[in-house]
>>> print(open('entry15.csv').read())   # CSV, C-alpha atoms and all ligand atoms
chain,number,residue,atom,x,y,z
A,1,MET,CA,-54.5,-7.7,123.1
A,2,ASN,CA,-51.5,-5.5,123.4
A,3,ASP,CA,-47.9,-6.2,124.4
A,4,ARG,CA,-47.2,-2.6,125.5
A,5,ILE,CA,-46.8,-1.8,129.2
A,6,LEU,CA,-47.6,1.4,131.0
A,7,ASN,CA,-44.8,3.9,130.4
A,8,PHE,CA,-44.5,6.7,132.9
A,9,SER,CA,-41.2,7.9,131.4
A,10,ALA,CA,-40.5,11.6,131.7
A,11,GLY,CA,-39.3,11.8,128.1
A,12,PRO,CA,-39.2,10.6,125.4
A,13,ALA,CA,-42.6,9.5,126.5
A,14,THR,CA,-45.8,7.6,125.6
A,15,LEU,CA,-47.4,8.6,122.3
A,16,PRO,CA,-51.0,8.0,121.2
A,17,GLU,CA,-51.4,4.4,120.0
A,18,GLU,CA,-53.4,5.6,117.0
A,19,VAL,CA,-50.5,7.8,116.0
A,20,LEU,CA,-48.0,5.0,116.4
A,21,ARG,CA,-50.1,2.7,114.2
A,22,ASP,CA,-50.4,5.4,111.6
A,23,ALA,CA,-46.7,6.1,111.7
A,24,GLN,CA,-45.9,2.4,111.3
A,25,GLU,CA,-47.8,2.5,108.0
A,26,ALA,CA,-46.3,5.7,106.9
A,27,LEU,CA,-42.8,4.4,107.5
A,28,TRP,CA,-43.5,1.7,104.9
A,29,GLN,CA,-45.4,4.0,102.5
A,30,LEU,CA,-46.6,7.5,102.8
A,31,GLY,CA,-50.2,7.6,101.4
A,32,SER,CA,-50.0,5.7,98.1
A,33,THR,CA,-46.7,7.2,97.0
A,34,GLY,CA,-44.8,3.9,97.1
A,35,ILE,CA,-42.1,5.6,99.3
A,36,GLY,CA,-41.9,5.7,103.1
A,37,VAL,CA,-42.1,9.0,104.9
A,38,MET,CA,-38.5,8.8,106.1
A,39,GLU,CA,-37.3,8.2,102.5
A,40,HIS,CA,-39.1,11.1,100.8
A,41,SER,CA,-37.1,14.1,99.7
A,42,HIS,CA,-37.9,17.1,101.8
A,43,ARG,CA,-38.1,19.0,98.6
A,44,GLY,CA,-40.7,16.8,97.0
A,45,GLY,CA,-44.5,17.5,97.0
A,46,PRO,CA,-45.5,14.7,99.3
A,47,PHE,CA,-43.2,15.8,102.2
A,48,LYS,CA,-44.0,19.5,101.6
A,49,ALA,CA,-47.6,18.6,102.0
A,50,VAL,CA,-46.8,16.8,105.3
A,51,ALA,CA,-45.0,19.9,106.7
A,52,LYS,CA,-47.7,22.3,105.5
A,53,GLU,CA,-50.4,20.1,107.1
A,54,ALA,CA,-48.5,19.9,110.4
A,55,GLU,CA,-48.1,23.6,110.6
A,56,ALA,CA,-51.8,24.2,109.7
A,57,ALA,CA,-52.9,21.7,112.3
A,58,CYS,CA,-50.7,23.3,114.9
A,59,ARG,CA,-52.1,26.8,114.1
A,60,LYS,CA,-55.7,25.6,114.2
A,61,LEU,CA,-55.3,23.7,117.4
A,62,ALA,CA,-53.8,26.5,119.4
A,63,GLY,CA,-55.5,29.4,117.6
A,64,ILE,CA,-52.1,30.8,116.6
A,65,PRO,CA,-52.4,34.3,115.1
A,66,ASP,CA,-51.0,35.0,111.6
A,67,ASP,CA,-48.5,37.4,113.0
A,68,TYR,CA,-46.7,34.4,114.6
A,69,ALA,CA,-44.4,32.0,112.8
A,70,VAL,CA,-44.6,28.3,113.6
A,71,LEU,CA,-41.2,26.6,113.2
A,72,PHE,CA,-40.0,23.0,113.4
A,73,LEU,CA,-36.3,23.2,114.4
A,74,GLN,CA,-33.6,20.9,115.7
A,75,GLY,CA,-31.3,20.9,118.7
A,76,GLY,CA,-34.0,20.5,121.3
A,77,ALA,CA,-35.2,22.9,123.9
A,78,SER,CA,-31.6,23.2,125.0
A,79,THR,CA,-30.7,25.0,121.8
A,80,GLN,CA,-33.5,27.5,122.4
A,81,PHE,CA,-31.8,28.3,125.7
A,82,PHE,CA,-29.1,30.2,123.8
A,83,GLN,CA,-30.8,30.9,120.4
A,84,LEU,CA,-33.4,33.0,122.0
A,85,PRO,CA,-31.1,35.4,124.0
A,86,ALA,CA,-28.7,35.4,121.1
A,87,HIS,CA,-31.5,37.0,119.0
A,88,TRP,CA,-33.0,39.4,121.4
A,89,LEU,CA,-30.9,40.1,124.5
A,90,ALA,CA,-28.6,43.0,123.6
A,91,ASP,CA,-25.3,43.4,125.5
A,92,ASP,CA,-26.6,46.4,127.4
A,93,ALA,CA,-30.1,45.0,128.0
A,94,THR,CA,-31.7,42.9,130.8
A,95,ALA,CA,-33.9,39.8,130.6
A,96,ASP,CA,-35.8,38.6,133.6
A,97,TYR,CA,-35.8,34.9,134.4
A,98,LEU,CA,-38.2,33.1,136.7
A,99,ILE,CA,-36.2,30.3,138.3
A,100,THR,CA,-38.4,27.3,139.1
A,101,GLY,CA,-36.2,24.3,138.5
A,102,SER,CA,-33.1,22.9,136.7
A,103,TRP,CA,-34.4,23.7,133.2
A,104,SER,CA,-34.9,27.4,134.1
A,105,VAL,CA,-31.4,27.4,135.7
A,106,LYS,CA,-29.9,26.1,132.4
A,107,ALA,CA,-31.9,28.6,130.3
A,108,ALA,CA,-30.7,31.5,132.4
A,109,LYS,CA,-27.1,30.3,132.3
A,110,GLU,CA,-27.0,30.5,128.5
A,111,ALA,CA,-28.6,34.0,128.5
A,112,VAL,CA,-25.8,35.4,130.7
A,113,ARG,CA,-23.5,35.0,127.6
A,114,TYR,CA,-25.4,37.7,125.8
A,115,GLY,CA,-26.6,40.4,128.3
A,116,THR,CA,-27.7,40.9,131.8
A,117,VAL,CA,-29.9,38.3,133.5
A,118,HIS,CA,-32.0,39.3,136.4
A,119,GLU,CA,-33.5,36.5,138.6
A,120,ALA,CA,-37.0,38.0,139.1
A,121,ALA,CA,-37.8,35.1,141.4
A,122,SER,CA,-36.3,31.8,142.5
A,123,THR,CA,-37.8,29.0,144.5
A,124,LYS,CA,-34.4,27.2,144.9
A,125,ASP,CA,-34.5,27.9,148.7
A,126,ARG,CA,-37.7,25.7,148.8
A,127,ASP,CA,-36.1,22.9,146.7
A,128,PHE,CA,-38.1,24.1,143.7
A,129,ASN,CA,-41.2,22.4,145.2
A,130,ILE,CA,-43.3,25.5,144.5
A,131,ILE,CA,-44.1,28.1,141.9
A,132,PRO,CA,-43.5,31.7,143.1
A,133,ARG,CA,-46.6,33.7,144.1
A,134,ALA,CA,-47.1,36.9,142.1
A,135,ASP,CA,-46.0,39.0,145.1
A,136,GLU,CA,-42.7,37.2,145.3
A,137,ILE,CA,-41.7,38.3,141.7
A,138,GLN,CA,-39.5,41.3,141.5
A,139,TYR,CA,-38.9,42.4,137.9
A,140,SER,CA,-36.1,44.6,136.8
A,141,ASP,CA,-36.9,48.1,135.5
A,142,SER,CA,-37.4,47.4,131.8
A,143,PRO,CA,-36.6,43.8,130.9
A,144,THR,CA,-36.6,42.9,127.2
A,145,TYR,CA,-38.5,39.7,128.0
A,146,VAL,CA,-39.5,37.5,130.9
A,147,HIS,CA,-38.6,33.8,130.6
A,148,PHE,CA,-40.3,31.1,132.5
A,149,THR,CA,-40.6,27.3,132.4
A,150,SER,CA,-44.3,26.5,132.4
A,151,ASN,CA,-43.9,23.0,133.7
A,152,ASN,CA,-41.0,21.8,135.8
A,153,THR,CA,-40.5,18.3,134.6
A,154,ILE,CA,-38.1,17.3,137.3
A,155,PHE,CA,-39.8,18.8,140.3
A,156,GLY,CA,-43.4,18.2,139.3
A,157,THR,CA,-44.6,21.8,139.5
A,158,GLN,CA,-46.5,23.8,137.0
A,159,TRP,CA,-47.5,27.4,136.5
A,160,GLN,CA,-51.3,27.5,136.9
A,161,GLU,CA,-51.4,30.5,134.7
A,162,GLU,CA,-48.7,32.7,132.9
A,163,PRO,CA,-46.8,35.2,135.0
A,164,ALA,CA,-47.7,38.8,134.0
A,165,ALA,CA,-44.8,40.5,132.2
A,166,PRO,CA,-44.2,44.1,133.1
A,167,GLY,CA,-44.3,47.0,130.7
A,168,GLU,CA,-43.2,46.3,127.1
A,169,ALA,CA,-41.6,43.0,128.0
A,170,TRP,CA,-42.9,39.9,126.2
A,171,LEU,CA,-43.1,36.4,127.6
A,172,ALA,CA,-40.6,33.7,126.6
A,173,CYS,CA,-41.6,30.2,127.6
A,174,ASP,CA,-40.0,26.8,127.7
A,175,ALA,CA,-43.2,24.7,127.5
A,176,SER,CA,-41.4,21.4,126.7
A,177,SER,CA,-43.3,19.4,129.2
A,178,ASP,CA,-46.8,20.8,129.1
A,179,VAL,CA,-47.2,22.3,125.6
A,180,PHE,CA,-50.8,21.9,124.3
A,181,SER,CA,-51.9,20.2,127.5
A,182,ARG,CA,-54.4,23.0,128.0
A,183,PRO,CA,-55.6,26.1,126.2
A,184,VAL,CA,-53.0,28.8,125.6
A,185,ASP,CA,-53.3,32.5,124.6
A,186,ILE,CA,-50.3,32.7,122.3
A,187,SER,CA,-50.8,36.5,121.9
A,188,ARG,CA,-49.4,36.9,125.4
A,189,TYR,CA,-46.0,35.4,124.2
A,190,GLY,CA,-43.1,36.6,122.2
A,191,VAL,CA,-41.8,33.1,121.9
A,192,LEU,CA,-43.0,29.7,123.1
A,193,TYR,CA,-40.8,26.7,122.5
A,194,ALA,CA,-41.0,23.0,123.3
A,195,GLY,CA,-38.9,19.9,122.5
A,196,ALA,CA,-41.4,17.4,121.0
A,197,GLN,CA,-40.5,14.4,123.0
A,198,LYS,CA,-42.8,14.9,125.9
A,199,ASN,CA,-46.1,16.0,124.6
A,200,LEU,CA,-45.8,16.2,120.8
A,201,GLY,CA,-43.9,13.4,119.2
A,202,PRO,CA,-40.4,11.8,118.9
A,203,SER,CA,-37.2,13.6,120.0
A,204,GLY,CA,-35.3,15.5,117.3
A,205,VAL,CA,-37.8,18.2,116.6
A,206,THR,CA,-38.5,21.4,118.5
A,207,LEU,CA,-41.7,23.4,118.1
A,208,VAL,CA,-41.0,27.2,118.2
A,209,ILE,CA,-43.9,29.6,118.0
A,210,VAL,CA,-42.5,33.2,117.6
A,211,ARG,CA,-43.9,36.6,116.9
A,212,ARG,CA,-42.9,37.7,113.4
A,213,ASP,CA,-41.8,41.2,114.4
A,214,LEU,CA,-39.3,39.6,116.7
A,215,VAL,CA,-38.1,37.2,114.0
A,216,ASP,CA,-37.4,40.3,111.9
A,217,ALA,CA,-35.5,42.1,114.6
A,218,PRO,CA,-32.5,40.2,116.0
A,219,VAL,CA,-30.1,42.3,118.0
A,220,ARG,CA,-27.0,40.7,116.6
A,221,ASP,CA,-25.7,39.0,113.5
A,222,LEU,CA,-26.0,35.3,113.8
A,223,PRO,CA,-25.0,32.3,111.6
A,224,THR,CA,-27.6,31.4,109.0
A,225,MET,CA,-28.7,28.2,110.7
A,226,LEU,CA,-29.3,30.0,114.0
A,227,ARG,CA,-31.5,32.7,112.6
A,228,TYR,CA,-35.2,32.2,113.2
A,229,ALA,CA,-35.8,34.2,110.0
A,230,THR,CA,-33.9,31.6,107.9
A,231,HIS,CA,-36.4,29.0,108.9
A,232,ALA,CA,-39.5,31.3,109.0
A,233,GLU,CA,-38.8,32.4,105.4
A,234,GLN,CA,-38.5,28.8,104.2
A,235,GLY,CA,-41.3,27.1,106.0
A,236,SER,CA,-38.8,25.2,108.2
A,237,LEU,CA,-37.3,23.7,105.0
A,238,TYR,CA,-34.1,25.7,104.7
A,239,ASN,CA,-32.0,22.6,105.3
A,240,THR,CA,-33.1,19.0,105.7
A,241,PRO,CA,-35.6,19.1,108.6
A,242,PRO,CA,-36.4,16.1,110.9
A,243,THR,CA,-38.9,14.8,108.4
A,244,PHE,CA,-40.2,11.8,110.4
A,245,GLY,CA,-40.6,13.9,113.6
A,246,ILE,CA,-42.6,16.5,111.7
A,247,TYR,CA,-44.8,13.9,110.3
A,248,VAL,CA,-45.5,12.4,113.7
A,249,MET,CA,-46.0,15.8,115.3
A,250,GLY,CA,-48.6,16.6,112.6
A,251,ARG,CA,-50.5,13.4,113.5
A,252,VAL,CA,-50.3,14.2,117.2
A,253,PHE,CA,-51.8,17.6,116.5
A,254,ARG,CA,-54.6,15.9,114.6
A,255,TRP,CA,-55.1,13.4,117.5
A,256,ILE,CA,-55.4,16.2,120.0
A,257,ALA,CA,-58.0,17.9,117.8
A,258,GLU,CA,-59.9,14.7,117.8
A,259,GLN,CA,-59.9,14.5,121.6
A,260,GLY,CA,-61.7,17.9,121.8
A,261,GLY,CA,-58.7,20.1,121.2
A,262,LEU,CA,-56.9,21.9,123.9
A,263,GLU,CA,-60.0,22.2,126.1
A,264,GLY,CA,-60.5,18.4,125.7
A,265,MET,CA,-56.8,17.8,126.7
A,266,ALA,CA,-57.2,20.1,129.7
A,267,LYS,CA,-60.2,18.2,130.9
A,268,ARG,CA,-58.6,14.8,130.3
A,269,ASN,CA,-55.4,15.9,132.1
A,270,ARG,CA,-57.3,17.3,135.1
A,271,GLU,CA,-59.1,14.0,135.4
A,272,LYS,CA,-55.9,12.0,135.1
A,273,GLY,CA,-54.1,14.2,137.7
A,274,GLN,CA,-56.9,14.1,140.1
A,275,ILE,CA,-56.9,10.3,140.1
A,276,LEU,CA,-53.3,10.2,141.2
A,277,TYR,CA,-53.3,13.1,143.6
A,278,ASP,CA,-56.5,11.8,145.2
A,279,ALA,CA,-54.9,8.4,145.6
A,280,LEU,CA,-51.8,9.9,147.1
A,281,GLU,CA,-53.7,12.2,149.5
A,282,ALA,CA,-55.9,9.4,150.7
A,283,GLN,CA,-52.9,7.6,152.3
A,284,ASP,CA,-50.7,9.1,155.0
A,285,PHE,CA,-48.1,6.7,153.7
A,286,TYR,CA,-47.3,9.0,150.7
A,287,SER,CA,-46.3,12.6,150.5
A,288,CYS,CA,-46.4,14.8,147.4
A,289,THR,CA,-43.2,16.6,146.9
A,290,ALA,CA,-44.8,19.6,145.1
A,291,GLY,CA,-46.7,22.2,147.2
A,292,GLU,CA,-50.5,22.5,146.8
A,293,GLY,CA,-51.4,25.1,144.2
A,294,SER,CA,-48.2,24.3,142.3
A,295,ARG,CA,-48.8,20.7,141.4
A,296,SER,CA,-48.2,19.6,137.9
A,297,LEU,CA,-50.7,17.6,135.9
A,298,MET,CA,-47.9,16.3,133.7
A,299,ASN,CA,-45.3,15.0,136.3
A,300,VAL,CA,-46.7,13.8,139.6
A,301,THR,CA,-43.9,13.6,142.1
A,302,PHE,CA,-44.2,11.8,145.5
A,303,ARG,CA,-42.5,9.7,148.1
A,304,THR,CA,-43.0,6.9,150.6
A,305,PRO,CA,-41.8,7.3,154.2
A,306,ASN,CA,-38.2,6.4,153.2
A,307,PRO,CA,-35.8,5.8,150.3
A,308,GLU,CA,-35.7,2.0,150.9
A,309,LEU,CA,-39.5,1.9,150.4
A,310,ASP,CA,-39.2,4.2,147.4
A,311,ALA,CA,-36.8,1.7,145.8
A,312,ALA,CA,-39.1,-1.2,146.7
A,313,PHE,CA,-42.0,0.7,145.2
A,314,VAL,CA,-40.2,1.3,141.9
A,315,LYS,CA,-39.1,-2.3,141.7
A,316,GLN,CA,-42.5,-3.8,142.4
A,317,ALA,CA,-44.2,-1.4,140.1
A,318,GLU,CA,-41.9,-2.3,137.3
A,319,ALA,CA,-42.6,-6.0,137.9
A,320,ALA,CA,-46.3,-5.2,137.6
A,321,GLY,CA,-45.9,-3.5,134.2
A,322,LEU,CA,-45.7,0.1,135.4
A,323,SER,CA,-42.4,1.4,134.0
A,324,GLY,CA,-40.4,4.6,134.5
A,325,LEU,CA,-41.6,5.7,137.9
A,326,LYS,CA,-38.2,6.4,139.5
A,327,GLY,CA,-37.9,10.0,140.4
A,328,HIS,CA,-35.2,12.2,138.9
A,329,ARG,CA,-31.9,11.7,140.8
A,330,SER,CA,-31.9,15.3,142.0
A,331,VAL,CA,-35.3,14.8,143.7
A,332,GLY,CA,-35.5,11.1,144.6
A,333,GLY,CA,-38.8,9.4,145.3
A,334,MET,CA,-41.1,8.7,142.4
A,335,ARG,CA,-42.3,10.6,139.4
A,336,ALA,CA,-45.3,9.6,137.3
A,337,SER,CA,-45.2,11.4,134.0
A,338,ILE,CA,-48.6,11.4,132.5
A,339,TYR,CA,-48.4,13.7,129.4
A,340,ASN,CA,-51.3,14.2,127.0
A,341,ALA,CA,-51.0,10.8,125.4
A,342,PHE,CA,-50.8,8.8,128.6
A,343,PRO,CA,-54.2,7.0,129.0
A,344,LYS,CA,-56.5,7.7,131.9
A,345,GLU,CA,-56.8,3.9,132.5
A,346,GLY,CA,-53.1,3.9,133.2
A,347,CYS,CA,-53.6,6.4,136.0
A,348,GLU,CA,-56.3,4.2,137.5
A,349,VAL,CA,-53.9,1.2,137.4
A,350,LEU,CA,-51.3,3.3,139.2
A,351,ALA,CA,-53.8,4.6,141.8
A,352,SER,CA,-54.8,1.0,142.6
A,353,PHE,CA,-51.1,0.0,142.8
A,354,LEU,CA,-50.6,3.0,145.2
A,355,ARG,CA,-53.3,1.7,147.5
A,356,ASP,CA,-52.1,-1.9,147.4
A,357,PHE,CA,-48.5,-1.0,148.1
A,358,ALA,CA,-49.4,1.2,151.1
A,359,ALA,CA,-51.7,-1.5,152.5
A,360,LYS,CA,-49.0,-4.2,152.2
A,361,GLN,CA,-46.5,-2.0,154.2
A,362,GLY,CA,-49.4,-1.6,156.7
A,401,LIG,C1,-36.9,17.8,128.7
A,401,LIG,C2,-36.9,19.3,128.9
A,401,LIG,C3,-35.9,20.1,128.3
A,401,LIG,C4,-34.7,19.5,127.5
A,401,LIG,O1,-35.1,19.4,126.2
A,401,LIG,P1,-34.1,18.9,125.1
A,401,LIG,O2,-35.0,18.8,123.9
A,401,LIG,O3,-33.6,17.6,125.5
A,401,LIG,O4,-33.1,19.9,124.9
A,401,LIG,C5,-35.9,21.4,128.5
A,401,LIG,N1,-36.9,22.0,129.3
A,401,LIG,C6,-37.9,21.3,129.8
A,401,LIG,C7,-38.9,21.9,130.6
A,401,LIG,C8,-37.9,19.9,129.7
A,401,LIG,O5,-38.9,19.2,130.2
>>> encode(input="entry15.csv", output="structure tokens")
Amino acid sequence: MNDRILNFSAGPATLPEEVLRDAQEALWQLGSTGIGVMEHSHRGGPFKAVAKEAEAACRKLAGIPDDYAVLFLQGGASTQFFQLPAHWLADDATADYLITGSWSVKAAKEAVRYGTVHEAASTKDRDFNIIPRADEIQYSDSPTYVHFTSNNTIFGTQWQEEPAAPGEAWLACDASSDVFSRPVDISRYGVLYAGAQKNLGPSGVTLVIVRRDLVDAPVRDLPTMLRYATHAEQGSLYNTPPTFGIYVMGRVFRWIAEQGGLEGMAKRNREKGQILYDALEAQDFYSCTAGEGSRSLMNVTFRTPNPELDAAFVKQAEAAGLSGLKGHRSVGGMRASIYNAFPKEGCEVLASFLRDFAAKQG
């Protein structure tokens, strides 16, 4: 038996139970070192091995080419919003941003400090309930990069595939809420970053995968700690890194590999999403807030016929052991966050709750 309930939180979010059990042990003692993982010096052999193993597992899992650096940084995805343009958006250059939700808005807002930001597409006029079609995207003449948010955590929309960047431009992606949920061709990206707390581990560590030629060519002088090169040269051990977070991330990478890798994750996530979308579609009572073809397999957003019933839904779900279903305040309704680690059985429990709740309202 198990005293944990179903946690649909948007982040920090559910982690694999095997990883949590492993982390419990490692907190007490890492391997047979007699010292817990949080208490080890980041300069010592045991932790260096942890960091090395995490990086190797990450590279293997996503097939990351050698000409990319894999960094474990701090400051969350929100720090990447400025660290990235500070590196590569020159004063007289333009970066194109695809605006698909609050996080892309925030990312673009930081880039404006450094150079010109061109909104190549925005779905704000449709309440961000959709991903723009290819023919709705209008790139500037020669953007340095194209930034997009692969999964819009708040609105429950997800790019089904990467946008095609024009000319020499490289893709920059905030993949915080769907990283490693499906196969990814890293060679299409200049930078892909993700805060760990949705799909990869605890908060406090950010995964940054970045092309080495870009690391070596920032367009302005930056403080040591903000330079990607500082961290790339030191294997993310320039200063004290978030050691525990890196440990857990490494275990999550291993767990994903054991589930069949990114292909296995994609299959599992498709099945999970289908259970919920099918249950929602089967009842006129519910409406999905995201448009068909744009729906996220990570955050499933929906409503009942009115806000009073939404509130009753959330309350009764909570009482039934289904936690964290309240939608983001800017969208309302409900949001079921079902990241990689969220179990398929949990989706079945919610599907059955959806049916029962609708039946009761008759
Ligand atoms: C959660 C989230 C963020 C914010 O990440 P922090 O690590 O809190 O800075 C940014 N982008 C997306 C897509 C997110 O889901």
>>> residues_near_ligand(input="entry15.csv", ligand="ligand LIG 401 (chain A)", cutoff="9 Å", atoms="all atoms listed in the file", output="number ranges by chain")
A: 10-12, 74-81, 101-104, 106-107, 149-154, 174-178, 194-198, 203-206
>>> residues_around(input="entry15.csv", residues="Ile246 of chain A", least_positions_apart="6", cutoff="9 Å", atoms="only C-alpha atoms", output="list in words")
Val50, Ala51, Ala54, Phe72, Gly201, Pro202 and Val205 of chain A
>>> write_last_selection(input="entry15.csv", atoms="C-alpha atoms", output="tab-separated table (two decimals), keeping the file's coordinate frame")
chain	number	residue	atom	x	y	z
A	50	VAL	CA	-46.80	16.80	105.30
A	51	ALA	CA	-45.00	19.90	106.70
A	54	ALA	CA	-48.50	19.90	110.40
A	72	PHE	CA	-40.00	23.00	113.40
A	201	GLY	CA	-43.90	13.40	119.20
A	202	PRO	CA	-40.40	11.80	118.90
A	205	VAL	CA	-37.80	18.20	116.60
>>> atom_distance(input="entry15.csv", atom1="atom CA of Cys173 of chain A", atom2="atom CA of Glu292 of chain A")
22.5 Å
>>> atom_distance(input="entry15.csv", atom1="atom CA of Glu53 of chain A", atom2="atom CA of Val210 of chain A")
18.6 Å
>>> closest_residue(input="entry15.csv", among="A:Gly44, A:Val70, A:Gly115, A:Leu200", to="Arg251 of chain A", atoms="all atoms listed in the file")
A:Leu200
